[in-house]
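Data from data.pdb: PDB, C-alpha atoms (C1' of nucleotides)
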```pdb
ATOM      1  CA  MET A   1       0.676  18.190 -16.720  1.00  0.00           C
ATOM      2  CA  ASN A   2       0.492  16.349 -20.009  1.00  0.00           C
ATOM      3  CA  GLU A   3      -2.348  14.082 -21.038  1.00  0.00           C
ATOM      4  CA  GLN A   4      -0.441  10.859 -20.534  1.00  0.00           C
ATOM      5  CA  LEU A   5       0.341  11.732 -16.940  1.00  0.00           C
ATOM      6  CA  ARG A   6      -3.156  12.942 -16.265  1.00  0.00           C
ATOM      7  CA  ALA A   7      -4.558   9.682 -17.586  1.00  0.00           C
ATOM      8  CA  ILE A   8      -2.226   7.690 -15.378  1.00  0.00           C
ATOM      9  CA  SER A   9      -2.977   9.697 -12.281  1.00  0.00           C
ATOM     10  CA  GLU A  10      -6.701   9.240 -12.777  1.00  0.00           C
ATOM     11  CA  LEU A  11      -6.648   5.466 -13.058  1.00  0.00           C
ATOM     12  CA  ASP A  12      -9.149   3.857 -10.699  1.00  0.00           C
ATOM     13  CA  ARG A  13      -7.085   2.316  -7.907  1.00  0.00           C
ATOM     14  CA  VAL A  14      -9.704  -0.232  -7.022  1.00  0.00           C
ATOM     15  CA  ILE A  15      -9.463  -1.718 -10.501  1.00  0.00           C
ATOM     16  CA  HIS A  16      -5.780  -1.010 -10.985  1.00  0.00           C
ATOM     17  CA  GLU A  17      -4.603  -3.564  -8.422  1.00  0.00           C
ATOM     18  CA  PRO A  18      -3.512  -6.566 -10.508  1.00  0.00           C
ATOM     19  CA  GLY A  19      -5.432  -9.102  -8.443  1.00  0.00           C
ATOM     20  CA  ARG A  20      -8.640  -7.172  -8.893  1.00  0.00           C
ATOM     21  CA  LEU A  21      -7.839  -6.261 -12.468  1.00  0.00           C
ATOM     22  CA  MET A  22      -7.728  -9.961 -13.286  1.00  0.00           C
ATOM     23  CA  ILE A  23     -11.054 -10.501 -11.587  1.00  0.00           C
ATOM     24  CA  VAL A  24     -12.736  -7.587 -13.291  1.00  0.00           C
ATOM     25  CA  ALA A  25     -11.266  -8.387 -16.700  1.00  0.00           C
ATOM     26  CA  LEU A  26     -12.519 -11.909 -16.364  1.00  0.00           C
ATOM     27  CA  LEU A  27     -15.973 -10.912 -15.168  1.00  0.00           C
ATOM     28  CA  ALA A  28     -16.222  -8.393 -17.978  1.00  0.00           C
ATOM     29  CA  GLY A  29     -16.134 -11.283 -20.416  1.00  0.00           C
ATOM     30  CA  VAL A  30     -18.946 -13.348 -18.907  1.00  0.00           C
ATOM     31  CA  LYS A  31     -22.419 -12.815 -17.485  1.00  0.00           C
ATOM     32  CA  GLU A  32     -21.460 -14.447 -14.217  1.00  0.00           C
ATOM     33  CA  CYS A  33     -19.203 -17.093 -12.774  1.00  0.00           C
ATOM     34  CA  ASP A  34     -18.521 -18.767  -9.484  1.00  0.00           C
ATOM     35  CA  PHE A  35     -15.843 -18.361  -6.861  1.00  0.00           C
ATOM     36  CA  LEU A  36     -14.024 -21.542  -7.780  1.00  0.00           C
ATOM     37  CA  PHE A  37     -13.811 -20.624 -11.410  1.00  0.00           C
ATOM     38  CA  LEU A  38     -12.198 -17.309 -10.485  1.00  0.00           C
ATOM     39  CA  LEU A  39      -9.929 -19.140  -8.113  1.00  0.00           C
ATOM     40  CA  ASN A  40      -8.720 -21.420 -10.883  1.00  0.00           C
ATOM     41  CA  GLU A  41      -8.354 -18.783 -13.520  1.00  0.00           C
ATOM     42  CA  THR A  42      -6.628 -16.133 -11.486  1.00  0.00           C
ATOM     43  CA  LYS A  43      -4.410 -18.387  -9.371  1.00  0.00           C
ATOM     44  CA  LEU A  44      -5.055 -16.114  -6.432  1.00  0.00           C
ATOM     45  CA  ASN A  45      -5.462 -17.981  -3.167  1.00  0.00           C
ATOM     46  CA  LYS A  46      -8.862 -18.174  -1.526  1.00  0.00           C
ATOM     47  CA  GLY A  47      -8.104 -15.560   1.088  1.00  0.00           C
ATOM     48  CA  ASN A  48      -6.988 -12.940  -1.393  1.00  0.00           C
ATOM     49  CA  LEU A  49      -9.724 -13.730  -3.840  1.00  0.00           C
ATOM     50  CA  SER A  50     -12.292 -13.393  -1.086  1.00  0.00           C
ATOM     51  CA  SER A  51     -11.020 -10.070   0.141  1.00  0.00           C
ATOM     52  CA  HIS A  52     -10.576  -8.600  -3.313  1.00  0.00           C
ATOM     53  CA  LEU A  53     -14.155  -9.571  -4.071  1.00  0.00           C
ATOM     54  CA  VAL A  54     -15.354  -7.878  -0.913  1.00  0.00           C
ATOM     55  CA  ARG A  55     -13.429  -4.775  -1.893  1.00  0.00           C
ATOM     56  CA  LEU A  56     -15.017  -4.812  -5.340  1.00  0.00           C
ATOM     57  CA  GLU A  57     -18.425  -5.324  -3.807  1.00  0.00           C
ATOM     58  CA  THR A  58     -17.865  -2.432  -1.422  1.00  0.00           C
ATOM     59  CA  ALA A  59     -16.925  -0.270  -4.385  1.00  0.00           C
ATOM     60  CA  GLY A  60     -20.201  -1.280  -6.004  1.00  0.00           C
ATOM     61  CA  TYR A  61     -18.453  -3.027  -8.871  1.00  0.00           C
ATOM     62  CA  VAL A  62     -19.343  -6.642  -8.171  1.00  0.00           C
ATOM     63  CA  GLU A  63     -22.413  -8.488  -6.937  1.00  0.00           C
ATOM     64  CA  ILE A  64     -21.863 -11.464  -4.690  1.00  0.00           C
ATOM     65  CA  GLU A  65     -24.667 -14.009  -4.601  1.00  0.00           C
ATOM     66  CA  LYS A  66     -24.423 -16.896  -2.199  1.00  0.00           C
ATOM     67  CA  THR A  67     -26.381 -19.897  -3.232  1.00  0.00           C
ATOM     68  CA  TYR A  68     -26.093 -23.671  -3.499  1.00  0.00           C
ATOM     69  CA  ARG A  69     -25.215 -26.223  -6.089  1.00  0.00           C
ATOM     70  CA  GLY A  70     -27.225 -29.072  -4.569  1.00  0.00           C
ATOM     71  CA  LYS A  71     -26.105 -28.995  -0.954  1.00  0.00           C
ATOM     72  CA  VAL A  72     -22.755 -27.477  -1.639  1.00  0.00           C
ATOM     73  CA  PRO A  73     -22.406 -23.749  -1.139  1.00  0.00           C
ATOM     74  CA  MET A  74     -21.525 -21.757  -4.197  1.00  0.00           C
ATOM     75  CA  THR A  75     -20.820 -18.097  -4.627  1.00  0.00           C
ATOM     76  CA  LEU A  76     -21.758 -16.394  -7.849  1.00  0.00           C
ATOM     77  CA  LEU A  77     -20.075 -13.213  -8.978  1.00  0.00           C
ATOM     78  CA  ARG A  78     -21.049 -10.681 -11.563  1.00  0.00           C
ATOM     79  CA  LEU A  79     -20.018  -7.220 -12.528  1.00  0.00           C
ATOM     80  CA  THR A  80     -22.639  -4.576 -11.797  1.00  0.00           C
ATOM     81  CA  ARG A  81     -23.464  -1.977 -14.415  1.00  0.00           C
ATOM     82  CA  THR A  82     -21.307   0.429 -12.425  1.00  0.00           C
ATOM     83  CA  GLY A  83     -18.498  -2.108 -12.452  1.00  0.00           C
ATOM     84  CA  ARG A  84     -18.683  -2.536 -16.186  1.00  0.00           C
ATOM     85  CA  LYS A  85     -18.633   1.179 -16.682  1.00  0.00           C
ATOM     86  CA  ALA A  86     -15.697   1.586 -14.325  1.00  0.00           C
ATOM     87  CA  PHE A  87     -13.785  -1.075 -16.194  1.00  0.00           C
ATOM     88  CA  GLU A  88     -14.497   0.613 -19.520  1.00  0.00           C
ATOM     89  CA  GLU A  89     -13.250   3.882 -18.094  1.00  0.00           C
ATOM     90  CA  TYR A  90     -10.170   2.165 -16.791  1.00  0.00           C
ATOM     91  CA  ARG A  91      -9.430   0.731 -20.216  1.00  0.00           C
ATOM     92  CA  LYS A  92      -9.898   4.081 -21.840  1.00  0.00           C
ATOM     93  CA  GLY A  93      -7.560   5.608 -19.309  1.00  0.00           C
ATOM     94  CA  LEU A  94      -4.930   3.034 -20.110  1.00  0.00           C
ATOM     95  CA  MET A  95      -5.341   3.540 -23.812  1.00  0.00           C
ATOM     96  CA  ALA A  96      -5.015   7.263 -23.343  1.00  0.00           C
ATOM     97  CA  ALA A  97      -1.807   6.706 -21.437  1.00  0.00           C
ATOM     98  CA  PHE A  98      -0.191   4.167 -23.777  1.00  0.00           C
TER
ATOM     99  CA  MET B   1      -4.958 -19.365 -17.003  1.00  0.00           C
ATOM    100  CA  ASN B   2      -5.461 -17.375 -20.165  1.00  0.00           C
ATOM    101  CA  GLU B   3      -2.874 -15.046 -21.657  1.00  0.00           C
ATOM    102  CA  GLN B   4      -4.619 -11.882 -20.623  1.00  0.00           C
ATOM    103  CA  LEU B   5      -4.649 -12.904 -16.987  1.00  0.00           C
ATOM    104  CA  ARG B   6      -1.102 -14.148 -17.112  1.00  0.00           C
ATOM    105  CA  ALA B   7       0.012 -10.829 -18.544  1.00  0.00           C
ATOM    106  CA  ILE B   8      -1.801  -8.939 -15.809  1.00  0.00           C
ATOM    107  CA  SER B   9      -0.412 -11.079 -13.039  1.00  0.00           C
ATOM    108  CA  GLU B  10       3.121 -10.591 -14.283  1.00  0.00           C
ATOM    109  CA  LEU B  11       3.034  -6.799 -14.387  1.00  0.00           C
ATOM    110  CA  ASP B  12       5.978  -5.305 -12.534  1.00  0.00           C
ATOM    111  CA  ARG B  13       4.536  -3.882  -9.305  1.00  0.00           C
ATOM    112  CA  VAL B  14       7.305  -1.363  -8.874  1.00  0.00           C
ATOM    113  CA  ILE B  15       6.336   0.270 -12.141  1.00  0.00           C
ATOM    114  CA  HIS B  16       2.639  -0.445 -11.885  1.00  0.00           C
ATOM    115  CA  GLU B  17       2.041   1.975  -9.011  1.00  0.00           C
ATOM    116  CA  PRO B  18       0.535   5.073 -10.680  1.00  0.00           C
ATOM    117  CA  GLY B  19       2.854   7.518  -8.949  1.00  0.00           C
ATOM    118  CA  ARG B  20       5.900   5.632 -10.141  1.00  0.00           C
ATOM    119  CA  LEU B  21       4.357   4.901 -13.512  1.00  0.00           C
ATOM    120  CA  MET B  22       4.097   8.626 -14.103  1.00  0.00           C
ATOM    121  CA  ILE B  23       7.701   9.104 -13.104  1.00  0.00           C
ATOM    122  CA  VAL B  24       8.981   6.292 -15.279  1.00  0.00           C
ATOM    123  CA  ALA B  25       6.845   7.246 -18.260  1.00  0.00           C
ATOM    124  CA  LEU B  26       8.157  10.753 -18.015  1.00  0.00           C
ATOM    125  CA  LEU B  27      11.777   9.722 -17.614  1.00  0.00           C
ATOM    126  CA  ALA B  28      11.431   7.350 -20.541  1.00  0.00           C
ATOM    127  CA  GLY B  29      10.873  10.355 -22.774  1.00  0.00           C
ATOM    128  CA  VAL B  30      13.919  12.365 -21.769  1.00  0.00           C
ATOM    129  CA  LYS B  31      17.599  11.806 -21.111  1.00  0.00           C
ATOM    130  CA  GLU B  32      17.350  13.259 -17.647  1.00  0.00           C
ATOM    131  CA  CYS B  33      15.438  15.803 -15.638  1.00  0.00           C
ATOM    132  CA  ASP B  34      15.459  17.328 -12.195  1.00  0.00           C
ATOM    133  CA  PHE B  35      13.374  16.766  -9.106  1.00  0.00           C
ATOM    134  CA  LEU B  36      11.419  19.965  -9.469  1.00  0.00           C
ATOM    135  CA  PHE B  37      10.469  19.230 -13.026  1.00  0.00           C
ATOM    136  CA  LEU B  38       9.076  15.871 -11.946  1.00  0.00           C
ATOM    137  CA  LEU B  39       7.341  17.558  -9.055  1.00  0.00           C
ATOM    138  CA  ASN B  40       5.594  19.966 -11.413  1.00  0.00           C
ATOM    139  CA  GLU B  41       4.678  17.457 -14.037  1.00  0.00           C
ATOM    140  CA  THR B  42       3.405  14.693 -11.822  1.00  0.00           C
ATOM    141  CA  LYS B  43       1.686  16.838  -9.183  1.00  0.00           C
ATOM    142  CA  LEU B  44       2.904  14.417  -6.560  1.00  0.00           C
ATOM    143  CA  ASN B  45       3.993  16.137  -3.379  1.00  0.00           C
ATOM    144  CA  LYS B  46       7.668  16.291  -2.479  1.00  0.00           C
ATOM    145  CA  GLY B  47       7.481  13.557   0.128  1.00  0.00           C
ATOM    146  CA  ASN B  48       5.861  11.042  -2.173  1.00  0.00           C
ATOM    147  CA  LEU B  49       8.021  11.959  -5.101  1.00  0.00           C
ATOM    148  CA  SER B  50      11.113  11.533  -2.974  1.00  0.00           C
ATOM    149  CA  SER B  51      10.130   8.131  -1.660  1.00  0.00           C
ATOM    150  CA  HIS B  52       8.959   6.817  -5.025  1.00  0.00           C
ATOM    151  CA  LEU B  53      12.301   7.851  -6.454  1.00  0.00           C
ATOM    152  CA  VAL B  54      14.138   6.012  -3.700  1.00  0.00           C
ATOM    153  CA  ARG B  55      12.049   2.954  -4.417  1.00  0.00           C
ATOM    154  CA  LEU B  56      12.874   3.168  -8.115  1.00  0.00           C
ATOM    155  CA  GLU B  57      16.527   3.632  -7.292  1.00  0.00           C
ATOM    156  CA  THR B  58      16.471   0.614  -4.994  1.00  0.00           C
ATOM    157  CA  ALA B  59      14.936  -1.407  -7.802  1.00  0.00           C
ATOM    158  CA  GLY B  60      17.806  -0.289 -10.015  1.00  0.00           C
ATOM    159  CA  TYR B  61      15.489   1.585 -12.371  1.00  0.00           C
ATOM    160  CA  VAL B  62      16.530   5.152 -11.695  1.00  0.00           C
ATOM    161  CA  GLU B  63      19.783   6.962 -11.039  1.00  0.00           C
ATOM    162  CA  ILE B  64      19.721   9.842  -8.590  1.00  0.00           C
ATOM    163  CA  GLU B  65      22.481  12.408  -8.950  1.00  0.00           C
ATOM    164  CA  LYS B  66      22.737  15.171  -6.399  1.00  0.00           C
ATOM    165  CA  THR B  67      24.428  18.261  -7.657  1.00  0.00           C
ATOM    166  CA  TYR B  68      24.048  22.036  -7.650  1.00  0.00           C
ATOM    167  CA  ARG B  69      22.658  24.720  -9.851  1.00  0.00           C
ATOM    168  CA  GLY B  70      24.853  27.527  -8.619  1.00  0.00           C
ATOM    169  CA  LYS B  71      24.549  27.233  -4.869  1.00  0.00           C
ATOM    170  CA  VAL B  72      21.131  25.676  -4.902  1.00  0.00           C
ATOM    171  CA  PRO B  73      20.951  21.920  -4.552  1.00  0.00           C
ATOM    172  CA  MET B  74      19.481  20.086  -7.493  1.00  0.00           C
ATOM    173  CA  THR B  75      18.710  16.440  -7.963  1.00  0.00           C
ATOM    174  CA  LEU B  76      18.965  14.905 -11.406  1.00  0.00           C
ATOM    175  CA  LEU B  77      17.093  11.774 -12.310  1.00  0.00           C
ATOM    176  CA  ARG B  78      17.485   9.368 -15.173  1.00  0.00           C
ATOM    177  CA  LEU B  79      16.269   5.945 -16.075  1.00  0.00           C
ATOM    178  CA  THR B  80      18.964   3.294 -16.027  1.00  0.00           C
ATOM    179  CA  ARG B  81      19.240   0.825 -18.873  1.00  0.00           C
ATOM    180  CA  THR B  82      17.529  -1.693 -16.600  1.00  0.00           C
ATOM    181  CA  GLY B  83      14.804   0.825 -15.912  1.00  0.00           C
ATOM    182  CA  ARG B  84      14.205   1.439 -19.591  1.00  0.00           C
ATOM    183  CA  LYS B  85      14.039  -2.258 -20.233  1.00  0.00           C
ATOM    184  CA  ALA B  86      11.650  -2.788 -17.337  1.00  0.00           C
ATOM    185  CA  PHE B  87       9.390  -0.068 -18.651  1.00  0.00           C
ATOM    186  CA  GLU B  88       9.403  -1.584 -22.109  1.00  0.00           C
ATOM    187  CA  GLU B  89       8.467  -4.938 -20.608  1.00  0.00           C
ATOM    188  CA  TYR B  90       5.742  -3.306 -18.616  1.00  0.00           C
ATOM    189  CA  ARG B  91       4.288  -1.713 -21.735  1.00  0.00           C
ATOM    190  CA  LYS B  92       4.397  -4.993 -23.576  1.00  0.00           C
ATOM    191  CA  GLY B  93       2.639  -6.654 -20.671  1.00  0.00           C
ATOM    192  CA  LEU B  94      -0.092  -4.065 -20.794  1.00  0.00           C
ATOM    193  CA  MET B  95      -0.461  -4.398 -24.516  1.00  0.00           C
ATOM    194  CA  ALA B  96      -0.707  -8.150 -24.154  1.00  0.00           C
ATOM    195  CA  ALA B  97      -3.447  -7.680 -21.580  1.00  0.00           C
ATOM    196  CA  PHE B  98      -5.504  -5.053 -23.408  1.00  0.00           C
TER
ATOM    197  C1'  DA C   1      23.825  41.548  10.602  1.00  0.00           C
ATOM    198  C1'  DA C   2      20.114  39.130  12.629  1.00  0.00           C
ATOM    199  C1'  DA C   3      15.597  37.479  11.583  1.00  0.00           C
ATOM    200  C1'  DA C   4      12.374  35.883   8.534  1.00  0.00           C
ATOM    201  C1'  DA C   5      11.172  33.666   4.425  1.00  0.00           C
ATOM    202  C1'  DC C   6      12.308  30.467   0.878  1.00  0.00           C
ATOM    203  C1'  DA C   7      14.256  26.293  -1.667  1.00  0.00           C
ATOM    204  C1'  DA C   8      14.998  21.511  -2.222  1.00  0.00           C
ATOM    205  C1'  DG C   9      14.415  17.575  -0.514  1.00  0.00           C
ATOM    206  C1'  DT C  10      14.095  13.851   3.481  1.00  0.00           C
ATOM    207  C1'  DT C  11      12.128  11.719   7.427  1.00  0.00           C
ATOM    208  C1'  DT C  12       8.373  10.439  10.217  1.00  0.00           C
ATOM    209  C1'  DG C  13       3.758   8.929  11.529  1.00  0.00           C
ATOM    210  C1'  DT C  14      -0.152   6.614  10.245  1.00  0.00           C
ATOM    211  C1'  DA C  15      -3.858   4.440   7.949  1.00  0.00           C
ATOM    212  C1'  DT C  16      -4.516   1.252   4.351  1.00  0.00           C
ATOM    213  C1'  DC C  17      -3.305  -2.749   1.610  1.00  0.00           C
ATOM    214  C1'  DG C  18      -2.210  -7.243   0.026  1.00  0.00           C
ATOM    215  C1'  DC C  19      -0.840 -11.549   1.338  1.00  0.00           C
ATOM    216  C1'  DA C  20      -0.785 -16.293   3.369  1.00  0.00           C
ATOM    217  C1'  DA C  21      -1.969 -19.022   7.229  1.00  0.00           C
ATOM    218  C1'  DA C  22      -5.355 -20.342  10.255  1.00  0.00           C
ATOM    219  C1'  DC C  23     -10.029 -20.928  10.978  1.00  0.00           C
ATOM    220  C1'  DT C  24     -15.219 -22.075  10.193  1.00  0.00           C
ATOM    221  C1'  DA C  25     -19.382 -24.397   8.831  1.00  0.00           C
ATOM    222  C1'  DG C  26     -21.165 -27.718   6.562  1.00  0.00           C
ATOM    223  C1'  DT C  27     -20.809 -32.312   3.583  1.00  0.00           C
ATOM    224  C1'  DT C  28     -19.114 -36.565   2.007  1.00  0.00           C
ATOM    225  C1'  DT C  29     -16.422 -40.672   2.556  1.00  0.00           C
ATOM    226  C1'  DG C  30     -14.247 -44.661   4.815  1.00  0.00           C
TER
ATOM    227  C1'  DC D   1     -18.971 -41.607  13.699  1.00  0.00           C
ATOM    228  C1'  DA D   2     -14.574 -39.969  12.757  1.00  0.00           C
ATOM    229  C1'  DA D   3     -11.680 -38.285   9.268  1.00  0.00           C
ATOM    230  C1'  DA D   4     -11.204 -35.847   5.239  1.00  0.00           C
ATOM    231  C1'  DC D   5     -12.926 -32.650   2.044  1.00  0.00           C
ATOM    232  C1'  DT D   6     -15.387 -28.279   0.202  1.00  0.00           C
ATOM    233  C1'  DA D   7     -16.109 -23.535  -0.058  1.00  0.00           C
ATOM    234  C1'  DG D   8     -15.100 -19.933   1.513  1.00  0.00           C
ATOM    235  C1'  DT D   9     -13.899 -16.087   5.668  1.00  0.00           C
ATOM    236  C1'  DT D  10     -11.139 -14.105   9.216  1.00  0.00           C
ATOM    237  C1'  DT D  11      -6.921 -12.969  11.267  1.00  0.00           C
ATOM    238  C1'  DG D  12      -2.208 -11.326  11.740  1.00  0.00           C
ATOM    239  C1'  DC D  13       1.249  -8.876   9.899  1.00  0.00           C
ATOM    240  C1'  DG D  14       4.730  -6.843   7.011  1.00  0.00           C
ATOM    241  C1'  DA D  15       4.842  -3.608   3.203  1.00  0.00           C
ATOM    242  C1'  DT D  16       2.934   0.552   0.992  1.00  0.00           C
ATOM    243  C1'  DA D  17       1.457   5.204  -0.084  1.00  0.00           C
ATOM    244  C1'  DC D  18       0.427   9.359   1.589  1.00  0.00           C
ATOM    245  C1'  DA D  19       0.770  14.021   3.853  1.00  0.00           C
ATOM    246  C1'  DA D  20       2.700  16.622   7.469  1.00  0.00           C
ATOM    247  C1'  DA D  21       6.609  17.898   9.835  1.00  0.00           C
ATOM    248  C1'  DC D  22      11.372  18.464   9.708  1.00  0.00           C
ATOM    249  C1'  DT D  23      16.226  19.628   7.895  1.00  0.00           C
ATOM    250  C1'  DT D  24      19.884  22.109   5.772  1.00  0.00           C
ATOM    251  C1'  DG D  25      21.304  25.630   3.440  1.00  0.00           C
ATOM    252  C1'  DT D  26      20.332  30.199   0.783  1.00  0.00           C
ATOM    253  C1'  DT D  27      18.258  34.517  -0.113  1.00  0.00           C
ATOM    254  C1'  DT D  28      15.641  38.439   1.224  1.00  0.00           C
ATOM    255  C1'  DT D  29      13.977  41.738   4.501  1.00  0.00           C
ATOM    256  C1'  DT D  30      14.535  45.107   7.994  1.00  0.00           C
TER
END
```
Take the structure in this file and express it as structure tokens.
Amino acid sequence: MNEQLRAISELDRVIHEPGRLMIVALLAGVKECDFLFLLNETKLNKGNLSSHLVRLETAGYVEIEKTYRGKVPMTLLRLTRTGRKAFEEYRKGLMAAF
Amino acid sequence: MNEQLRAISELDRVIHEPGRLMIVALLAGVKECDFLFLLNETKLNKGNLSSHLVRLETAGYVEIEKTYRGKVPMTLLRLTRTGRKAFEEYRKGLMAAF
DNA sequence: AAAAACAAGTTTGTATCGCAAACTAGTTTG
DNA sequence: CAAACTAGTTTGCGATACAAACTTGTTTTT
């Protein structure tokens, strides 16, 4: 098996999914942001965004903090250290493949 | 929506799947090859390889030619022009995103 | 020459996934 | 106080990816 194919086959599936890749790429560029910002930027719908975030949280890649802006609920998202590392690995994998 | 996210969201899902990405990347580098070669190179199992190939054929990206090597059946695979173009687009999309 | 093993794929069964629609809990507005 | 809005979550379901089992034909073994 050549190196390109190995790199492809080892890509992290959790991150590879385009919906989540958008989320992670975006979070990688900021310290944190809220649900609605992600919603706007990614153009995912709320349902998908919510479940992708849960999946990323379950993988240990994202922290979900529920809080308030005044009386209005707000959900803050950030990449964990693990998440950042996983994203870096993913990038490297891609670069190795292409 | 920024350009990175747009690029990610527009990635061709048929090609994006790692199993198929391996197949297409491999086929992009040769004129044609047979099923068993793909099987060896990708380390997919026969069942998955077969169904990914059908999916790629259905998308119009791959041609499947069934023939014989002596008396032993052999399946030849090649990328169609459409398939080559789609792969090039996919690469460009990736490069735009990363 | 029949049985057993092998070759090259295909089909099937199933668990997971991604998606949009429907729902929920609370808040603000008319 | 009812209607509409906000910020998400849950549900329902079709599509997907995977491995195991199956198929069809060939070669090897006995």
Nearest residue to chain C from the set A:Val72, A:Leu49, A:Met22, A:Ile64 (distances using all atoms listed in the file) =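 Ranking A:Val72, A:Leu49, A:Met22, A:Ile64 by distance to chain C, first place goes to A:Val72.
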Rotate and translate chain B onto chain A via least squares on all in-order Cα pairs, then write the result as a tab-separated table (two decimals) with C-alpha atoms, in the frame of the given file.
```
chain	number	residue	atom	x	y	z
B	1	MET	CA	0.74	18.15	-16.69
B	2	ASN	CA	0.56	16.32	-19.98
B	3	GLU	CA	-2.30	14.06	-21.01
B	4	GLN	CA	-0.41	10.85	-20.51
B	5	LEU	CA	0.39	11.70	-16.91
B	6	ARG	CA	-3.10	12.94	-16.24
B	7	ALA	CA	-4.51	9.69	-17.56
B	8	ILE	CA	-2.19	7.68	-15.36
B	9	SER	CA	-2.95	9.68	-12.26
B	10	GLU	CA	-6.67	9.25	-12.76
B	11	LEU	CA	-6.64	5.46	-13.06
B	12	ASP	CA	-9.14	3.88	-10.71
B	13	ARG	CA	-7.07	2.30	-7.92
B	14	VAL	CA	-9.71	-0.24	-7.04
B	15	ILE	CA	-9.46	-1.71	-10.51
B	16	HIS	CA	-5.78	-1.00	-11.00
B	17	GLU	CA	-4.62	-3.56	-8.43
B	18	PRO	CA	-3.52	-6.57	-10.52
B	19	GLY	CA	-5.45	-9.10	-8.46
B	20	ARG	CA	-8.66	-7.16	-8.91
B	21	LEU	CA	-7.84	-6.27	-12.49
B	22	MET	CA	-7.74	-9.96	-13.29
B	23	ILE	CA	-11.06	-10.49	-11.59
B	24	VAL	CA	-12.75	-7.58	-13.31
B	25	ALA	CA	-11.28	-8.39	-16.72
B	26	LEU	CA	-12.55	-11.90	-16.37
B	27	LEU	CA	-15.99	-10.90	-15.18
B	28	ALA	CA	-16.25	-8.39	-17.99
B	29	GLY	CA	-16.19	-11.28	-20.43
B	30	VAL	CA	-18.98	-13.34	-18.91
B	31	LYS	CA	-22.43	-12.82	-17.48
B	32	GLU	CA	-21.48	-14.44	-14.21
B	33	CYS	CA	-19.21	-17.08	-12.77
B	34	ASP	CA	-18.53	-18.76	-9.47
B	35	PHE	CA	-15.84	-18.35	-6.86
B	36	LEU	CA	-14.03	-21.52	-7.78
B	37	PHE	CA	-13.84	-20.62	-11.42
B	38	LEU	CA	-12.22	-17.31	-10.49
B	39	LEU	CA	-9.94	-19.13	-8.11
B	40	ASN	CA	-8.74	-21.42	-10.89
B	41	GLU	CA	-8.37	-18.79	-13.53
B	42	THR	CA	-6.64	-16.13	-11.50
B	43	LYS	CA	-4.43	-18.39	-9.38
B	44	LEU	CA	-5.05	-16.10	-6.45
B	45	ASN	CA	-5.47	-17.98	-3.19
B	46	LYS	CA	-8.88	-18.18	-1.56
B	47	GLY	CA	-8.13	-15.57	1.08
B	48	ASN	CA	-7.01	-12.95	-1.39
B	49	LEU	CA	-9.74	-13.73	-3.84
B	50	SER	CA	-12.31	-13.41	-1.10
B	51	SER	CA	-11.05	-10.07	0.14
B	52	HIS	CA	-10.59	-8.60	-3.33
B	53	LEU	CA	-14.17	-9.57	-4.08
B	54	VAL	CA	-15.38	-7.87	-0.92
B	55	ARG	CA	-13.46	-4.77	-1.91
B	56	LEU	CA	-15.04	-4.81	-5.36
B	57	GLU	CA	-18.44	-5.32	-3.81
B	58	THR	CA	-17.88	-2.42	-1.44
B	59	ALA	CA	-16.95	-0.26	-4.41
B	60	GLY	CA	-20.23	-1.28	-6.02
B	61	TYR	CA	-18.47	-3.03	-8.90
B	62	VAL	CA	-19.37	-6.63	-8.19
B	63	GLU	CA	-22.43	-8.47	-6.95
B	64	ILE	CA	-21.89	-11.47	-4.71
B	65	GLU	CA	-24.68	-14.02	-4.61
B	66	LYS	CA	-24.43	-16.90	-2.19
B	67	THR	CA	-26.37	-19.93	-3.22
B	68	TYR	CA	-26.02	-23.70	-3.47
B	69	ARG	CA	-25.14	-26.27	-6.03
B	70	GLY	CA	-27.06	-29.14	-4.51
B	71	LYS	CA	-25.98	-29.03	-0.89
B	72	VAL	CA	-22.63	-27.46	-1.56
B	73	PRO	CA	-22.35	-23.73	-1.08
B	74	MET	CA	-21.51	-21.75	-4.17
B	75	THR	CA	-20.82	-18.09	-4.62
B	76	LEU	CA	-21.78	-16.39	-7.86
B	77	LEU	CA	-20.11	-13.21	-8.98
B	78	ARG	CA	-21.07	-10.67	-11.59
B	79	LEU	CA	-20.04	-7.21	-12.56
B	80	THR	CA	-22.64	-4.57	-11.82
B	81	ARG	CA	-23.48	-1.97	-14.43
B	82	THR	CA	-21.32	0.44	-12.45
B	83	GLY	CA	-18.53	-2.10	-12.46
B	84	ARG	CA	-18.71	-2.54	-16.21
B	85	LYS	CA	-18.65	1.19	-16.70
B	86	ALA	CA	-15.71	1.58	-14.34
B	87	PHE	CA	-13.80	-1.07	-16.22
B	88	GLU	CA	-14.52	0.61	-19.53
B	89	GLU	CA	-13.26	3.89	-18.10
B	90	TYR	CA	-10.19	2.17	-16.80
B	91	ARG	CA	-9.43	0.73	-20.22
B	92	LYS	CA	-9.90	4.10	-21.84
B	93	GLY	CA	-7.56	5.62	-19.29
B	94	LEU	CA	-4.93	3.04	-20.10
B	95	MET	CA	-5.35	3.56	-23.80
B	96	ALA	CA	-5.00	7.29	-23.32
B	97	ALA	CA	-1.79	6.70	-21.40
B	98	PHE	CA	-0.18	4.17	-23.74
```
Rounded to one decimal in Å, what is the spacing between atom CA of Thr75 of chain B and atom C1' of DT27 of chain D?
->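 Interatomic distance, atom CA of Thr75 of chain B to atom C1' of DT27 of chain D: 19.7 Å.
Each of B:Leu21, B:Thr67, B:Gly93, B:Arg84 was compared to Glu3 of chain B using only C-alpha atoms, and B:Gly93 turns out to be the nearest.
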Within 10 Å of (3.9, 9.5, 8.5) (coordinates as in the file), grab all the protein and nucleic acid residues, counting all atoms listed in the file, and write them out as a compact mmCIF listing (two decimals) with C-alpha atoms (C1' of nucleotides), in the coordinates of the input.
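Generated output (part.txt):
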```
# COMPACT_ATOMS: atom_id res chain seq x y z
CA GLY B 47 7.48 13.56 0.13
C1' DT C 11 12.13 11.72 7.43
C1' DT C 12 8.37 10.44 10.22
C1' DG C 13 3.76 8.93 11.53
C1' DT C 14 -0.15 6.61 10.24
C1' DA C 15 -3.86 4.44 7.95
C1' DA D 17 1.46 5.20 -0.08
C1' DC D 18 0.43 9.36 1.59
C1' DA D 19 0.77 14.02 3.85
C1' DA D 20 2.70 16.62 7.47
C1' DA D 21 6.61 17.90 9.84
```
